[in-house]
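Colleague: File name data18.csv; file contents CSV, C-alpha atoms; full text below.
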chain,number,residue,atom,x,y,z
A,1,MET,CA,-83.3,-39.0,-76.3
A,2,GLN,CA,-85.0,-41.3,-73.8
A,3,VAL,CA,-85.1,-40.2,-70.2
A,4,SER,CA,-85.3,-42.2,-67.0
A,5,ALA,CA,-88.2,-40.2,-65.5
A,6,ARG,CA,-91.2,-42.5,-65.1
A,7,ASN,CA,-93.8,-39.9,-66.2
A,8,ALA,CA,-93.7,-38.5,-69.7
A,9,LEU,CA,-97.3,-37.2,-70.4
A,10,LYS,CA,-98.2,-36.2,-73.9
A,11,ALA,CA,-99.4,-32.6,-73.8
A,12,THR,CA,-100.3,-29.5,-75.8
A,13,VAL,CA,-98.9,-26.2,-74.8
A,14,LYS,CA,-101.8,-24.0,-73.6
A,15,GLU,CA,-99.9,-20.9,-72.4
A,16,VAL,CA,-96.4,-19.6,-72.0
A,17,VAL,CA,-95.8,-16.7,-69.6
A,18,GLU,CA,-92.3,-15.3,-69.4
A,19,GLY,CA,-90.8,-13.9,-66.2
A,20,SER,CA,-87.4,-12.3,-65.8
A,21,VAL,CA,-85.5,-15.6,-65.3
A,22,ASN,CA,-88.2,-18.3,-65.4
A,23,THR,CA,-91.0,-19.1,-67.7
A,24,GLU,CA,-94.3,-20.6,-66.7
A,25,VAL,CA,-95.7,-23.2,-69.1
A,26,THR,CA,-99.2,-24.6,-68.9
A,27,LEU,CA,-99.6,-28.0,-70.5
A,28,GLU,CA,-102.9,-29.7,-71.3
A,29,VAL,CA,-102.4,-33.5,-70.7
A,30,ALA,CA,-106.0,-34.4,-71.3
A,31,PRO,CA,-109.2,-32.3,-72.1
A,32,GLY,CA,-109.5,-30.0,-69.1
A,33,VAL,CA,-106.5,-31.5,-67.2
A,34,GLU,CA,-103.6,-29.1,-67.0
A,35,VAL,CA,-100.1,-29.3,-65.5
A,36,VAL,CA,-98.1,-26.1,-64.9
A,37,ALA,CA,-94.3,-26.2,-65.3
A,38,ILE,CA,-91.8,-23.6,-64.3
A,39,ILE,CA,-88.6,-23.8,-66.3
A,40,THR,CA,-85.8,-21.4,-67.1
A,41,LYS,CA,-86.4,-18.8,-69.8
A,42,SER,CA,-83.4,-20.0,-71.7
A,43,SER,CA,-84.8,-23.6,-71.8
A,44,ALA,CA,-88.2,-22.3,-73.0
A,45,HIS,CA,-86.5,-20.5,-75.8
A,46,LYS,CA,-84.3,-23.5,-76.7
A,47,LEU,CA,-87.4,-25.7,-77.0
A,48,GLN,CA,-89.3,-23.0,-79.0
A,49,LEU,CA,-92.4,-23.5,-76.9
A,50,GLU,CA,-95.5,-21.7,-78.0
A,51,GLU,CA,-99.3,-22.2,-77.8
A,52,GLY,CA,-100.5,-25.2,-79.6
A,53,LYS,CA,-97.2,-27.0,-79.8
A,54,GLN,CA,-97.0,-30.7,-78.9
A,55,ALA,CA,-94.8,-31.4,-75.9
A,56,TYR,CA,-94.4,-33.7,-72.9
A,57,ALA,CA,-94.6,-33.1,-69.2
A,58,ILE,CA,-91.7,-35.0,-67.6
A,59,ILE,CA,-92.0,-35.8,-63.9
A,60,LYS,CA,-89.9,-38.0,-61.7
A,61,SER,CA,-92.1,-40.4,-59.8
A,62,SER,CA,-90.4,-39.4,-56.5
A,63,ASP,CA,-91.6,-35.9,-57.1
A,64,VAL,CA,-95.2,-36.9,-57.1
A,65,MET,CA,-97.1,-36.8,-53.8
A,66,VAL,CA,-100.5,-38.3,-53.2
A,67,ALA,CA,-103.3,-36.7,-51.2
A,68,VAL,CA,-106.8,-37.7,-50.2
A,69,ASP,CA,-109.7,-35.7,-49.0
B,1,MET,CA,-105.7,-28.7,-45.7
B,2,GLN,CA,-104.8,-26.6,-48.7
B,3,VAL,CA,-101.2,-26.9,-50.2
B,4,SER,CA,-99.1,-24.4,-52.0
B,5,ALA,CA,-98.2,-26.9,-54.8
B,6,ARG,CA,-99.6,-25.6,-58.1
B,7,ASN,CA,-100.6,-29.0,-59.5
B,8,ALA,CA,-103.3,-31.0,-57.7
B,9,LEU,CA,-104.8,-33.4,-60.2
B,10,LYS,CA,-107.9,-35.3,-59.4
B,11,ALA,CA,-107.2,-39.0,-59.8
B,12,THR,CA,-108.3,-42.5,-59.2
B,13,VAL,CA,-105.9,-45.0,-57.7
B,14,LYS,CA,-105.2,-47.8,-60.2
B,15,GLU,CA,-102.6,-49.8,-58.5
B,16,VAL,CA,-100.6,-49.9,-55.3
B,17,VAL,CA,-97.4,-51.9,-55.2
B,18,GLU,CA,-95.6,-52.2,-51.9
B,19,GLY,CA,-91.8,-52.4,-51.7
B,20,SER,CA,-89.7,-52.8,-48.5
B,21,VAL,CA,-89.6,-49.0,-47.7
B,22,ASN,CA,-91.4,-47.3,-50.6
B,23,THR,CA,-94.8,-47.9,-52.3
B,24,GLU,CA,-95.4,-47.2,-55.9
B,25,VAL,CA,-98.9,-45.7,-56.6
B,26,THR,CA,-100.4,-45.5,-60.1
B,27,LEU,CA,-102.9,-42.7,-60.4
B,28,GLU,CA,-105.3,-42.3,-63.4
B,29,VAL,CA,-105.8,-38.5,-63.9
B,30,ALA,CA,-107.8,-38.9,-67.1
B,31,PRO,CA,-109.0,-41.9,-69.1
B,32,GLY,CA,-105.7,-43.5,-70.3
B,33,VAL,CA,-103.5,-40.9,-68.6
B,34,GLU,CA,-101.5,-42.2,-65.7
B,35,VAL,CA,-99.1,-40.7,-63.2
B,36,VAL,CA,-96.8,-42.9,-61.1
B,37,ALA,CA,-95.9,-41.7,-57.6
B,38,ILE,CA,-93.3,-43.3,-55.3
B,39,ILE,CA,-94.1,-42.5,-51.6
B,40,THR,CA,-93.1,-44.1,-48.3
B,41,LYS,CA,-94.9,-47.2,-47.3
B,42,SER,CA,-95.9,-45.5,-44.0
B,43,SER,CA,-97.5,-42.6,-45.9
B,44,ALA,CA,-99.4,-45.0,-48.2
B,45,HIS,CA,-100.8,-46.8,-45.1
B,46,LYS,CA,-101.7,-43.5,-43.4
B,47,LEU,CA,-103.7,-42.4,-46.5
B,48,GLN,CA,-105.3,-45.9,-46.8
B,49,LEU,CA,-104.7,-46.0,-50.5
B,50,GLU,CA,-106.3,-48.8,-52.4
B,51,GLU,CA,-107.5,-49.5,-55.9
B,52,GLY,CA,-110.5,-47.4,-56.9
B,53,LYS,CA,-110.0,-44.7,-54.2
B,54,GLN,CA,-110.3,-41.1,-55.2
B,55,ALA,CA,-107.1,-39.2,-54.6
B,56,TYR,CA,-104.9,-36.3,-55.9
B,57,ALA,CA,-101.5,-36.2,-57.6
B,58,ILE,CA,-99.7,-33.2,-56.0
B,59,ILE,CA,-96.7,-31.9,-58.0
B,60,LYS,CA,-94.7,-28.7,-57.5
B,61,SER,CA,-94.5,-26.7,-60.8
B,62,SER,CA,-90.7,-26.5,-60.3
B,63,ASP,CA,-90.6,-30.3,-60.5
B,64,VAL,CA,-92.2,-30.5,-63.9
B,65,MET,CA,-89.9,-30.5,-66.9
B,66,VAL,CA,-91.0,-29.9,-70.5
B,67,ALA,CA,-89.7,-31.9,-73.5
B,68,VAL,CA,-90.4,-31.8,-77.2
B,69,ASP,CA,-89.7,-34.3,-80.0
C,1,MET,CA,-86.6,-35.7,-77.4
C,2,GLN,CA,-85.1,-32.5,-76.0
C,3,VAL,CA,-85.6,-31.7,-72.3
C,4,SER,CA,-85.9,-28.4,-70.5
C,5,ALA,CA,-83.4,-29.4,-67.8
C,6,ARG,CA,-80.3,-27.1,-68.1
C,7,ASN,CA,-77.7,-29.7,-67.4
C,8,ALA,CA,-77.3,-32.7,-69.8
C,9,LEU,CA,-73.8,-34.0,-69.2
C,10,LYS,CA,-72.4,-36.5,-71.7
C,11,ALA,CA,-71.3,-39.5,-69.8
C,12,THR,CA,-70.2,-43.2,-69.9
C,13,VAL,CA,-71.9,-45.7,-67.7
C,14,LYS,CA,-69.3,-47.0,-65.2
C,15,GLU,CA,-71.5,-49.2,-63.0
C,16,VAL,CA,-75.1,-50.3,-62.6
C,17,VAL,CA,-76.2,-51.7,-59.2
C,18,GLU,CA,-79.7,-53.1,-58.9
C,19,GLY,CA,-81.7,-52.8,-55.7
C,20,SER,CA,-85.2,-54.2,-55.1
C,21,VAL,CA,-87.0,-51.1,-56.5
C,22,ASN,CA,-84.2,-48.7,-57.4
C,23,THR,CA,-81.0,-49.0,-59.4
C,24,GLU,CA,-77.9,-47.0,-58.7
C,25,VAL,CA,-76.1,-45.8,-61.8
C,26,THR,CA,-72.6,-44.4,-61.8
C,27,LEU,CA,-71.8,-42.1,-64.7
C,28,GLU,CA,-68.4,-40.8,-65.6
C,29,VAL,CA,-68.8,-37.3,-67.0
C,30,ALA,CA,-65.0,-36.6,-67.4
C,31,PRO,CA,-61.9,-38.7,-66.6
C,32,GLY,CA,-62.2,-39.3,-62.8
C,33,VAL,CA,-65.3,-37.2,-62.4
C,34,GLU,CA,-68.4,-39.3,-61.5
C,35,VAL,CA,-72.0,-38.6,-60.9
C,36,VAL,CA,-74.2,-41.2,-59.1
C,37,ALA,CA,-77.9,-41.4,-60.1
C,38,ILE,CA,-80.7,-43.4,-58.4
C,39,ILE,CA,-83.5,-44.2,-60.8
C,40,THR,CA,-86.2,-46.9,-60.7
C,41,LYS,CA,-85.3,-50.4,-61.8
C,42,SER,CA,-87.9,-50.3,-64.5
C,43,SER,CA,-86.4,-47.1,-66.0
C,44,ALA,CA,-82.9,-48.7,-65.9
C,45,HIS,CA,-84.2,-51.7,-67.9
C,46,LYS,CA,-86.1,-49.6,-70.3
C,47,LEU,CA,-82.9,-47.6,-71.1
C,48,GLN,CA,-80.9,-50.9,-71.3
C,49,LEU,CA,-78.1,-49.3,-69.2
C,50,GLU,CA,-74.9,-51.3,-68.9
C,51,GLU,CA,-71.2,-50.6,-68.3
C,52,GLY,CA,-69.6,-48.7,-71.1
C,53,LYS,CA,-72.8,-47.4,-72.7
C,54,GLN,CA,-72.9,-43.7,-73.7
C,55,ALA,CA,-75.5,-41.8,-71.7
C,56,TYR,CA,-76.3,-38.4,-70.2
C,57,ALA,CA,-76.7,-37.2,-66.7
C,58,ILE,CA,-79.7,-34.9,-66.7
C,59,ILE,CA,-80.0,-32.4,-63.8
C,60,LYS,CA,-82.3,-29.5,-63.2
C,61,SER,CA,-80.4,-26.3,-62.3
C,62,SER,CA,-82.7,-25.8,-59.3
C,63,ASP,CA,-81.5,-29.2,-57.9
C,64,VAL,CA,-77.8,-28.2,-57.8
C,65,MET,CA,-76.5,-26.6,-54.6
C,66,VAL,CA,-73.2,-24.8,-54.3
C,67,ALA,CA,-70.8,-25.3,-51.4
C,68,VAL,CA,-67.5,-23.7,-50.5
C,69,ASP,CA,-64.8,-24.8,-47.9
D,1,MET,CA,-69.7,-29.7,-42.4
D,2,GLN,CA,-70.2,-32.9,-44.2
D,3,VAL,CA,-73.4,-33.4,-46.2
D,4,SER,CA,-75.3,-36.6,-47.0
D,5,ALA,CA,-75.7,-35.8,-50.7
D,6,ARG,CA,-73.8,-38.4,-52.8
D,7,ASN,CA,-72.4,-36.0,-55.4
D,8,ALA,CA,-70.0,-33.3,-54.3
D,9,LEU,CA,-68.1,-32.3,-57.5
D,10,LYS,CA,-65.0,-30.1,-57.1
D,11,ALA,CA,-65.5,-27.1,-59.3
D,12,THR,CA,-64.3,-23.6,-60.3
D,13,VAL,CA,-66.9,-20.8,-60.5
D,14,LYS,CA,-67.0,-19.6,-64.1
D,15,GLU,CA,-69.8,-17.1,-64.0
D,16,VAL,CA,-72.3,-15.6,-61.5
D,17,VAL,CA,-75.4,-13.9,-62.9
D,18,GLU,CA,-77.7,-12.2,-60.4
D,19,GLY,CA,-81.5,-12.0,-60.9
D,20,SER,CA,-84.0,-10.3,-58.6
D,21,VAL,CA,-84.3,-13.3,-56.2
D,22,ASN,CA,-82.2,-16.0,-57.7
D,23,THR,CA,-78.6,-16.2,-58.9
D,24,GLU,CA,-77.4,-18.4,-61.6
D,25,VAL,CA,-74.0,-19.9,-61.0
D,26,THR,CA,-72.0,-21.7,-63.7
D,27,LEU,CA,-69.5,-24.2,-62.3
D,28,GLU,CA,-66.7,-26.0,-64.3
D,29,VAL,CA,-66.3,-29.5,-62.9
D,30,ALA,CA,-63.8,-30.6,-65.5
D,31,PRO,CA,-62.2,-28.8,-68.5
D,32,GLY,CA,-65.2,-28.0,-70.8
D,33,VAL,CA,-67.8,-29.7,-68.5
D,34,GLU,CA,-70.1,-27.2,-66.8
D,35,VAL,CA,-72.9,-27.5,-64.4
D,36,VAL,CA,-75.4,-24.6,-63.9
D,37,ALA,CA,-76.9,-24.0,-60.4
D,38,ILE,CA,-79.8,-21.7,-59.5
D,39,ILE,CA,-79.6,-20.7,-55.9
D,40,THR,CA,-81.1,-17.8,-53.9
D,41,LYS,CA,-79.3,-14.4,-54.2
D,42,SER,CA,-78.8,-14.3,-50.4
D,43,SER,CA,-77.1,-17.7,-50.5
D,44,ALA,CA,-74.8,-16.6,-53.3
D,45,HIS,CA,-73.8,-13.6,-51.2
D,46,LYS,CA,-73.3,-15.6,-48.0
D,47,LEU,CA,-70.9,-17.9,-49.9
D,48,GLN,CA,-69.1,-14.9,-51.5
D,49,LEU,CA,-69.2,-16.6,-54.9
D,50,GLU,CA,-67.2,-15.0,-57.7
D,51,GLU,CA,-65.4,-16.0,-60.8
D,52,GLY,CA,-62.4,-18.2,-60.2
D,53,LYS,CA,-63.4,-19.3,-56.7
D,54,GLN,CA,-63.1,-23.0,-55.8
D,55,ALA,CA,-66.4,-24.5,-54.9
D,56,TYR,CA,-68.4,-27.7,-55.1
D,57,ALA,CA,-71.6,-28.7,-57.0
D,58,ILE,CA,-73.7,-30.7,-54.5
D,59,ILE,CA,-76.4,-32.9,-56.1
D,60,LYS,CA,-78.6,-35.6,-54.4
D,61,SER,CA,-78.4,-38.8,-56.4
D,62,SER,CA,-82.2,-39.0,-56.5
D,63,ASP,CA,-82.2,-35.7,-58.4
D,64,VAL,CA,-80.0,-37.1,-61.3
D,65,MET,CA,-81.8,-38.6,-64.2
D,66,VAL,CA,-80.2,-40.7,-66.9
D,67,ALA,CA,-80.9,-40.4,-70.6
D,68,VAL,CA,-79.7,-42.2,-73.7
D,69,ASP,CA,-79.9,-41.3,-77.4
E,1,MET,CA,-68.0,-26.7,-45.9
E,2,GLN,CA,-70.8,-24.1,-46.2
E,3,VAL,CA,-73.8,-25.0,-48.4
E,4,SER,CA,-76.2,-22.8,-50.4
E,5,ALA,CA,-79.4,-24.4,-49.0
E,6,ARG,CA,-81.3,-21.8,-47.0
E,7,ASN,CA,-82.4,-24.1,-44.3
E,8,ALA,CA,-79.8,-25.7,-42.0
E,9,LEU,CA,-81.6,-26.6,-38.8
E,10,LYS,CA,-79.6,-27.8,-35.8
E,11,ALA,CA,-80.8,-31.2,-34.7
E,12,THR,CA,-80.2,-34.2,-32.6
E,13,VAL,CA,-80.4,-37.7,-34.2
E,14,LYS,CA,-83.4,-39.5,-32.6
E,15,GLU,CA,-83.5,-42.7,-34.6
E,16,VAL,CA,-81.7,-44.3,-37.5
E,17,VAL,CA,-83.5,-47.1,-39.4
E,18,GLU,CA,-81.6,-48.9,-42.1
E,19,GLY,CA,-83.3,-50.3,-45.2
E,20,SER,CA,-81.7,-52.2,-48.1
E,21,VAL,CA,-80.6,-49.1,-50.0
E,22,ASN,CA,-81.9,-46.2,-48.0
E,23,THR,CA,-81.7,-45.2,-44.3
E,24,GLU,CA,-84.5,-43.3,-42.5
E,25,VAL,CA,-83.1,-40.7,-40.1
E,26,THR,CA,-85.3,-38.9,-37.5
E,27,LEU,CA,-84.0,-35.6,-36.4
E,28,GLU,CA,-85.3,-33.5,-33.5
E,29,VAL,CA,-85.0,-29.9,-34.4
E,30,ALA,CA,-86.7,-28.6,-31.3
E,31,PRO,CA,-88.3,-30.4,-28.3
E,32,GLY,CA,-91.1,-32.4,-29.8
E,33,VAL,CA,-90.5,-31.2,-33.4
E,34,GLU,CA,-89.1,-33.9,-35.6
E,35,VAL,CA,-88.0,-34.0,-39.2
E,36,VAL,CA,-87.6,-37.3,-41.1
E,37,ALA,CA,-84.9,-37.6,-43.7
E,38,ILE,CA,-84.4,-40.5,-46.2
E,39,ILE,CA,-80.7,-40.7,-47.3
E,40,THR,CA,-78.7,-43.4,-48.9
E,41,LYS,CA,-77.3,-46.1,-46.6
E,42,SER,CA,-73.7,-45.3,-47.7
E,43,SER,CA,-74.2,-41.6,-46.8
E,44,ALA,CA,-75.5,-42.5,-43.4
E,45,HIS,CA,-72.4,-44.7,-42.8
E,46,LYS,CA,-70.1,-42.0,-44.1
E,47,LEU,CA,-71.6,-39.5,-41.6
E,48,GLN,CA,-71.5,-42.1,-38.8
E,49,LEU,CA,-75.0,-41.2,-37.7
E,50,GLU,CA,-76.3,-42.7,-34.5
E,51,GLU,CA,-78.8,-41.8,-31.8
E,52,GLY,CA,-77.9,-38.7,-29.8
E,53,LYS,CA,-75.4,-37.3,-32.4
E,54,GLN,CA,-75.6,-33.6,-33.2
E,55,ALA,CA,-76.5,-33.0,-36.8
E,56,TYR,CA,-78.2,-30.6,-39.2
E,57,ALA,CA,-81.3,-31.0,-41.3
E,58,ILE,CA,-80.5,-29.3,-44.7
E,59,ILE,CA,-83.4,-28.3,-46.9
E,60,LYS,CA,-83.6,-26.2,-50.0
E,61,SER,CA,-86.2,-23.4,-49.7
E,62,SER,CA,-87.7,-24.5,-53.0
E,63,ASP,CA,-88.4,-27.9,-51.6
E,64,VAL,CA,-90.6,-26.5,-48.8
E,65,MET,CA,-94.3,-26.3,-49.4
E,66,VAL,CA,-96.8,-24.3,-47.3
E,67,ALA,CA,-100.2,-25.6,-46.3
E,68,VAL,CA,-103.1,-24.1,-44.3
E,69,ASP,CA,-106.1,-25.7,-42.7
F,1,MET,CA,-106.8,-33.0,-47.5
F,2,GLN,CA,-104.1,-35.3,-46.2
F,3,VAL,CA,-100.8,-35.4,-48.1
F,4,SER,CA,-98.3,-38.2,-48.4
F,5,ALA,CA,-95.3,-36.0,-47.5
F,6,ARG,CA,-93.8,-37.3,-44.2
F,7,ASN,CA,-93.0,-33.9,-42.7
F,8,ALA,CA,-95.9,-31.5,-41.9
F,9,LEU,CA,-94.6,-29.1,-39.2
F,10,LYS,CA,-97.0,-26.8,-37.5
F,11,ALA,CA,-95.8,-23.3,-37.9
F,12,THR,CA,-96.6,-19.6,-37.6
F,13,VAL,CA,-96.0,-17.3,-40.6
F,14,LYS,CA,-93.3,-14.8,-39.6
F,15,GLU,CA,-92.7,-13.0,-42.8
F,16,VAL,CA,-94.0,-12.9,-46.4
F,17,VAL,CA,-91.8,-11.3,-49.1
F,18,GLU,CA,-93.2,-11.0,-52.6
F,19,GLY,CA,-90.9,-11.2,-55.7
F,20,SER,CA,-92.0,-10.9,-59.3
F,21,VAL,CA,-93.0,-14.6,-59.7
F,22,ASN,CA,-92.1,-16.2,-56.4
F,23,THR,CA,-92.8,-15.4,-52.7
F,24,GLU,CA,-90.5,-16.1,-49.9
F,25,VAL,CA,-92.3,-17.3,-46.7
F,26,THR,CA,-90.6,-17.6,-43.3
F,27,LEU,CA,-92.3,-20.1,-41.0
F,28,GLU,CA,-91.5,-20.4,-37.3
F,29,VAL,CA,-91.8,-24.1,-36.4
F,30,ALA,CA,-90.6,-23.7,-32.8
F,31,PRO,CA,-89.4,-20.7,-30.8
F,32,GLY,CA,-86.3,-19.5,-32.7
F,33,VAL,CA,-86.4,-22.2,-35.3
F,34,GLU,CA,-87.4,-21.0,-38.7
F,35,VAL,CA,-87.9,-22.6,-42.1
F,36,VAL,CA,-87.9,-20.6,-45.3
F,37,ALA,CA,-90.1,-21.7,-48.2
F,38,ILE,CA,-90.1,-20.3,-51.7
F,39,ILE,CA,-93.5,-20.8,-53.4
F,40,THR,CA,-95.2,-19.2,-56.4
F,41,LYS,CA,-96.9,-15.8,-55.8
F,42,SER,CA,-100.2,-17.2,-57.0
F,43,SER,CA,-100.0,-20.0,-54.4
F,44,ALA,CA,-99.2,-17.5,-51.6
F,45,HIS,CA,-102.3,-15.4,-52.6
F,46,LYS,CA,-104.5,-18.5,-52.8
F,47,LEU,CA,-103.5,-19.5,-49.3
F,48,GLN,CA,-103.9,-15.9,-48.0
F,49,LEU,CA,-100.6,-16.1,-46.2
F,50,GLU,CA,-99.8,-13.2,-43.8
F,51,GLU,CA,-97.8,-12.6,-40.7
F,52,GLY,CA,-99.2,-14.4,-37.7
F,53,LYS,CA,-101.3,-17.0,-39.6
F,54,GLN,CA,-101.1,-20.6,-38.6
F,55,ALA,CA,-99.7,-22.8,-41.3
F,56,TYR,CA,-97.7,-26.0,-42.0
F,57,ALA,CA,-94.3,-26.5,-43.6
F,58,ILE,CA,-94.6,-29.6,-45.8
F,59,ILE,CA,-91.4,-31.4,-46.8
F,60,LYS,CA,-90.9,-34.7,-48.5
F,61,SER,CA,-88.4,-36.9,-46.5
F,62,SER,CA,-86.4,-37.5,-49.7
F,63,ASP,CA,-85.8,-33.7,-49.9
F,64,VAL,CA,-84.1,-33.6,-46.5
F,65,MET,CA,-80.4,-34.0,-46.3
F,66,VAL,CA,-78.3,-34.6,-43.2
F,67,ALA,CA,-75.1,-32.9,-42.3
F,68,VAL,CA,-72.6,-33.1,-39.5
F,69,ASP,CA,-69.8,-30.8,-38.4
Represent the structure of the file as structure tokens.
Modeller:
Amino acid sequence: MQVSARNALKATVKEVVEGSVNTEVTLEVAPGVEVVAIITKSSAHKLQLEEGKQAYAIIKSSDVMVAVD
Amino acid sequence: MQVSARNALKATVKEVVEGSVNTEVTLEVAPGVEVVAIITKSSAHKLQLEEGKQAYAIIKSSDVMVAVD
Amino acid sequence: MQVSARNALKATVKEVVEGSVNTEVTLEVAPGVEVVAIITKSSAHKLQLEEGKQAYAIIKSSDVMVAVD
Amino acid sequence: MQVSARNALKATVKEVVEGSVNTEVTLEVAPGVEVVAIITKSSAHKLQLEEGKQAYAIIKSSDVMVAVD
Amino acid sequence: MQVSARNALKATVKEVVEGSVNTEVTLEVAPGVEVVAIITKSSAHKLQLEEGKQAYAIIKSSDVMVAVD
Amino acid sequence: MQVSARNALKATVKEVVEGSVNTEVTLEVAPGVEVVAIITKSSAHKLQLEEGKQAYAIIKSSDVMVAVD
């Protein structure tokens, strides 16, 4: 399946922390560069996410803000 | 200013493309890893974004999806 | 590719209207039930969307609101 | 009240599952076509959602992605 | 219609600026406090928005970030 | 840090309610006008949010909908 979201960053799953409804997934998109995702627990199970697994961080370009110092 | 969004990735502005209302900003967050942001043209002007400038990609963790092959 | 978004509705593309930066895509998810998506023009091209093509409407459950009369 | 979101799909509430802060609402928008919404528990109470109730799934068009196989 | 979004701020329309696809609507939610919304042009027409009209700014609580100096 | 989001409303923190993963923050942006934000608990701690503190409600203009009666 190919998705219309502009950003699909190759990543390695670093950590998976389950809450009651949601799961927090930490993805390493480059050495030392991490992106945290919060997805539903049922989605995390469906995708069988676990440390070390190859995955993608999918982000719509309209959901990215830019900041400067 | 410090923002509640979980993801604030250090980046370098690679490209700024102006549309009529929105501006597309390409940010390099690691060598070869790019994130595209679509922000309003007025915000892009306010932040004086231009190629080579240091910036951050700000993304709420609830806006990140995870995919696997 | 399998995505963490909870909602992936099978659909048929009914209409594709290109703007300068964005493209409006009308998807029929059931007879007479349509969902409109606005995606970037470059994504629409990449997916080769055109009338009659099979596709999916992907929606995060946290982006769905509920209303009652 | 009339809202600017492009998608307002007529639906029947199929299931309401309460978490500690959020409530998961399954809406049937056509026979066999379901959309899951996660809203705050207080909103679910305010709207008095329960199985069988008529409701709408409200989705901004910029929150809909498109995917193809 | 009653919507599940937590924030529904009473407002007065201050300005309506039409783009090619989107319309920028400035809403005054208190004296001197303005909120800018970008909605589709067709939605703005449907709601017959014009300067001085009473309206509401509808915002999901998960779309609000918090910042401190 | 300066952020590209169009709306940065000055506010006073009125209430902070912690859940298991998320924290609900009520911000007063004008006398009697409140905006509720749901952010992660770790972000709320990082920002040291507490009643009476000065803060900002940050909202992307594409996340604001407009409604009329």
Colleague: Give the residues of chain F that lie within 8 Å of chain E; count all atoms listed in the file, and format the answer as a PyMOL selection string.
Modeller: chain F and resi 6-7+9+29-30+33+35-39+47+54-69
Colleague: Superimpose chain C on chain E so that the squared distances between all in-order C-alpha pairs are minimised, and send the result as a short mmCIF file (atom, residue, chain, number, x, y, z; two decimals) with C-alpha atoms, in the frame of the given file.
Modeller:
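The new file result-v4.cif reads:
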data_model
loop_
_atom_site.label_atom_id
_atom_site.label_comp_id
_atom_site.auth_asym_id
_atom_site.auth_seq_id
_atom_site.Cartn_x
_atom_site.Cartn_y
_atom_site.Cartn_z
CA MET C 1 -68.06 -26.70 -45.90
CA GLN C 2 -70.88 -24.16 -46.19
CA VAL C 3 -73.89 -25.00 -48.38
CA SER C 4 -76.16 -22.78 -50.41
CA ALA C 5 -79.33 -24.42 -49.06
CA ARG C 6 -81.28 -21.80 -47.00
CA ASN C 7 -82.40 -24.07 -44.24
CA ALA C 8 -79.77 -25.77 -41.98
CA LEU C 9 -81.62 -26.71 -38.82
CA LYS C 10 -79.55 -27.77 -35.81
CA ALA C 11 -80.78 -31.10 -34.71
CA THR C 12 -80.18 -34.26 -32.57
CA VAL C 13 -80.42 -37.64 -34.15
CA LYS C 14 -83.38 -39.46 -32.54
CA GLU C 15 -83.45 -42.64 -34.64
CA VAL C 16 -81.67 -44.29 -37.55
CA VAL C 17 -83.51 -47.08 -39.45
CA GLU C 18 -81.61 -48.95 -42.13
CA GLY C 19 -83.32 -50.24 -45.25
CA SER C 20 -81.67 -52.23 -48.06
CA VAL C 21 -80.53 -49.11 -50.00
CA ASN C 22 -81.87 -46.19 -47.98
CA THR C 23 -81.74 -45.21 -44.32
CA GLU C 24 -84.43 -43.26 -42.58
CA VAL C 25 -83.13 -40.68 -40.14
CA THR C 26 -85.27 -38.93 -37.58
CA LEU C 27 -83.96 -35.57 -36.42
CA GLU C 28 -85.29 -33.57 -33.54
CA VAL C 29 -84.95 -29.89 -34.41
CA ALA C 30 -86.71 -28.57 -31.20
CA PRO C 31 -88.30 -30.37 -28.22
CA GLY C 32 -91.09 -32.48 -29.85
CA VAL C 33 -90.48 -31.17 -33.32
CA GLU C 34 -89.08 -33.86 -35.69
CA VAL C 35 -87.98 -33.96 -39.24
CA VAL C 36 -87.61 -37.34 -41.05
CA ALA C 37 -84.90 -37.63 -43.75
CA ILE C 38 -84.32 -40.51 -46.22
CA ILE C 39 -80.74 -40.65 -47.39
CA THR C 40 -78.70 -43.50 -48.90
CA LYS C 41 -77.23 -46.11 -46.59
CA SER C 42 -73.76 -45.29 -47.74
CA SER C 43 -74.20 -41.58 -46.84
CA ALA C 44 -75.56 -42.59 -43.38
CA HIS C 45 -72.41 -44.68 -42.74
CA LYS C 46 -70.11 -42.07 -44.04
CA LEU C 47 -71.62 -39.50 -41.59
CA GLN C 48 -71.50 -42.13 -38.77
CA LEU C 49 -75.07 -41.14 -37.73
CA GLU C 50 -76.33 -42.64 -34.48
CA GLU C 51 -78.86 -41.73 -31.78
CA GLY C 52 -77.91 -38.67 -29.85
CA LYS C 53 -75.38 -37.29 -32.34
CA GLN C 54 -75.58 -33.55 -33.18
CA ALA C 55 -76.48 -32.99 -36.82
CA TYR C 56 -78.29 -30.63 -39.18
CA ALA C 57 -81.30 -31.01 -41.33
CA ILE C 58 -80.48 -29.34 -44.62
CA ILE C 59 -83.42 -28.28 -46.85
CA LYS C 60 -83.61 -26.21 -49.97
CA SER C 61 -86.21 -23.42 -49.71
CA SER C 62 -87.67 -24.49 -53.07
CA ASP C 63 -88.43 -27.97 -51.55
CA VAL C 64 -90.64 -26.59 -48.73
CA MET C 65 -94.37 -26.25 -49.43
CA VAL C 66 -96.77 -24.29 -47.29
CA ALA C 67 -100.19 -25.58 -46.26
CA VAL C 68 -103.03 -24.04 -44.30
CA ASP C 69 -106.18 -25.71 -42.71
#
Colleague: Please indicate the distance in Å from CA of Val3 in chain D to CA of Glu18 in chain E, rounded to one decimal place.
Modeller: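 Taking CA of Val3 in chain D and CA of Glu18 in chain E, their separation equals 18.0 Å.
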Colleague: Could you tell me how far CA of Glu50 in chain B lies from CA of Glu28 in chain B, in Å and to one decimal?
Modeller: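 Taking CA of Glu50 in chain B as the start and CA of Glu28 in chain B as the end point, the length is 12.8 Å.
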